[in-house]
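The structure under discussion appears below in the form of structure tokens.
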Amino acid sequence: MLTVDFDRLGLRPGDRVIDMGCGAGRHAFEMYRLGADVVAFDQDADELAGVLELFGAMKEAGEVPFGAAADIKEGTALALPFADGEFDRVVCSEVLEHIWDDVTAIKELIRVLRPGGTMAITVPRWLPEVINWRLSPDYHNAEGGHIRIYTDHELVDKVTKGGRPNDGTPGDAMVFTGKDHAHGLHAPYWWIKSAVGLENNDNPLVKAYHQVLVWDIMKTPRYSAVTRLAEKALNPFIGKSMVLYFRKPE
């Protein structure tokens, strides 16, 4: 289940890419499959171990083109252990809403992106997220949970000003190139869970909706055409994720 559109990001075979806060690796795997030189970066060593194992399995199964490379790196988003301008593309999906010092994290993302490179940042969309917060305090009060809700204007402003508020500190400005929304089918699922209790997975409505989402993910495109069309129609209105694209000036 991908959130970032790699065509819109401009990803090409051979590009060096970082998936910052990769989690279980969904975007890293797809970029590797498309021929990129991928670094899956996260602070969770257990998650990274699983990602590395699947990287190896993909290569062994012949699922990646010749010349593609993939590795993992553990660390913090506030001090990325990479050189300035090391990456052609940067992906940061569903991460910034967890970080208190998001300004420093954004500065780091911009720093490691080469001039002319592109970046995709995704965060929960304002309206679906507000509904979740109001339905259930547990949704965002859990350890490691969401600590803020971004508007598109706030996040675009932070990134285009180089990760800095209007304080005059140095930073590389970024160019905002577009916005999209994704996972329209998933917003109602989380509203239901927030309403009945996040741990109440035995609720009949939760179970039924979850089966629909699993079916949509697991079925071939031929059989999931109806849900794909439904999600495409819902994304502009209640897409759970907001996807922002940027370019670093030459």
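Quick note on naming: the chains in the structure tokens go A, B, ... in the order shown, residues restart at 1 in each chain, and ligands are numbered from 1 in order of appearance.
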task = Skip Pro124 in chain A itself and residues of its chain fewer than 3 positions away, then list as a list in words all residues within 8 Å of it, counting only C-alpha atoms.
result =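 Once the adjacent positions are removed, what remains is Glu94, Glu97, Pro128, Glu129, Ile149, Tyr150, Lys240, Ser241 and Met242 of chain A.
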Just N, CA and C atoms for this one: save the residues we selected as a compact mmCIF listing (two decimals), in the first residue's frame.
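Final output, saved to selection.txt:
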# COMPACT_ATOMS: atom_id res chain seq x y z
N GLU A 94 4.72 9.59 6.65
CA GLU A 94 4.04 9.39 7.94
C GLU A 94 5.03 9.36 9.10
N GLU A 97 4.74 13.79 11.90
CA GLU A 97 3.71 13.99 12.91
C GLU A 97 4.07 13.34 14.24
N PRO A 128 -9.46 14.23 8.33
CA PRO A 128 -9.58 12.89 8.91
C PRO A 128 -8.89 12.77 10.26
N GLU A 129 -7.76 13.46 10.42
CA GLU A 129 -7.01 13.38 11.67
C GLU A 129 -7.76 14.08 12.81
N ILE A 149 -1.24 17.96 14.24
CA ILE A 149 -2.00 17.83 13.01
C ILE A 149 -1.58 18.97 12.08
N TYR A 150 -1.05 18.62 10.93
CA TYR A 150 -0.60 19.64 9.99
C TYR A 150 -1.73 20.10 9.07
N LYS A 240 -6.85 9.84 3.67
CA LYS A 240 -6.28 9.90 5.01
C LYS A 240 -4.90 10.55 5.02
N SER A 241 -4.15 10.42 3.94
CA SER A 241 -2.80 10.97 3.88
C SER A 241 -2.72 12.13 2.91
N MET A 242 -1.95 13.14 3.30
CA MET A 242 -1.61 14.26 2.43
C MET A 242 -0.19 14.06 1.94
Using only C-alpha atoms, what table do you get, as JSON lines, when you list each residue of range 116-176 of chain A with an atom no more than 7 Å from range 183-203 of chain A, its nearest pair of atoms, and their distance in Å rounded to one decimal, rows by chain then rising number?
{"residue": "A:Pro128", "atom": "CA", "partner": "A:Ala187", "partner_atom": "CA", "distance": 6.1}
{"residue": "A:Ile131", "atom": "CA", "partner": "A:Trp191", "partner_atom": "CA", "distance": 7.0}
{"residue": "A:Asn132", "atom": "CA", "partner": "A:Trp191", "partner_atom": "CA", "distance": 5.7}
{"residue": "A:Leu135", "atom": "CA", "partner": "A:Ala195", "partner_atom": "CA", "distance": 5.5}
{"residue": "A:Ser136", "atom": "CA", "partner": "A:Ser194", "partner_atom": "CA", "distance": 5.1}
{"residue": "A:Tyr139", "atom": "CA", "partner": "A:Ser194", "partner_atom": "CA", "distance": 6.7}
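Shortest atom-to-atom contact with Val95 in chain A among A:Arg228, A:Lys161, A:Lys179, A:Arg148: A:Arg148, counting only C-alpha atoms.
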Quick one: which range 46-142 of chain A residues come within 7 Å of range 7-31 of chain A, and what is the nearest atom pair for each with the distance in Å to one decimal, counting only C-alpha atoms, rows ordered by chain and ascending number, as a Markdown table?
| residue | atom | partner | partner_atom | distance |
| --- | --- | --- | --- | --- |
| A:Glu47 | CA | A:Ala24 | CA | 5.7 |
| A:Val51 | CA | A:Gly25 | CA | 5.8 |
| A:Ala68 | CA | A:Gly14 | CA | 6.6 |
| A:Phe87 | CA | A:Arg16 | CA | 5.1 |
| A:Asp88 | CA | A:Arg16 | CA | 5.4 |
| A:Arg89 | CA | A:Val17 | CA | 4.8 |
| A:Val90 | CA | A:Ile18 | CA | 5.2 |
| A:Val91 | CA | A:Asp19 | CA | 4.8 |
| A:Cys92 | CA | A:Met20 | CA | 5.1 |
| A:Val95 | CA | A:Gly21 | CA | 6.1 |
| A:Thr118 | CA | A:Leu9 | CA | 6.3 |
| A:Met119 | CA | A:Leu9 | CA | 6.8 |
| A:Ala120 | CA | A:Leu9 | CA | 6.6 |
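In this comparison, which uses only C-alpha atoms, the residue of A:Met174, A:Glu250, A:Trp100, A:Ala49 approaching Gly144 in chain A most closely is A:Trp100.
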message = Residues within 12 Å of Leu80 in chain A, please, as a list in words. Count only C-alpha atoms; anything in the same chain fewer than 6 positions from it doesn't count.
response = Ile18, Asp19, Met20, Gly21, Val39, Phe41, Asp42, Gln43, Lys73, Glu74, Glu86, Phe87, Thr104, Ala105, Ile106, Lys107, Glu108, Leu109, Ile110, Arg111, Val112 and Leu113 of chain A
request  = Work out how far CA of Ala77 in chain A is from CA of Gly239 in chain A, in Å to one decimal.
outcome  = 26.0 Å
query = If you run DSSP on this backbone, which residues of range 82-190 of chain A come out as helix (DSSP H, G or I), and could you give them as a VMD selection string?
reply = chain A and resid 96 to 98 102 to 112 126 to 135 138 to 141 152 to 160 186 to 190
task = Quote the spacing between CA of Asp44 in chain A and CA of Leu2 in chain A in Å to one decimal place.
result =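 Straight-line distance from CA of Asp44 in chain A to CA of Leu2 in chain A works out to 20.4 Å.
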request  = With a distance cut-off of 10 Å and only C-alpha atoms, select the neighbouring residues of Ile217 in chain A, excluding the residue or stretch itself and same-chain residues fewer than 5 positions from it, and output the selection as number ranges by chain.
outcome  = A: 1, 211-212, 224, 227-228
Could the residues in this selection be written to a file with C-alpha atoms, as an mmCIF file, in the first residue's frame?
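Contents of result-v3.cif, freshly written:
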data_model
loop_
_atom_site.group_PDB
_atom_site.id
_atom_site.type_symbol
_atom_site.label_atom_id
_atom_site.label_comp_id
_atom_site.auth_asym_id
_atom_site.auth_seq_id
_atom_site.Cartn_x
_atom_site.Cartn_y
_atom_site.Cartn_z
ATOM 1 C CA MET A 1 0.000 0.000 0.000
ATOM 2 C CA GLN A 211 -11.786 -7.555 5.629
ATOM 3 C CA VAL A 212 -12.634 -5.138 2.820
ATOM 4 C CA SER A 224 -9.964 -4.782 -6.959
ATOM 5 C CA THR A 227 -12.314 -0.451 -4.638
ATOM 6 C CA ARG A 228 -9.590 1.307 -6.633
#
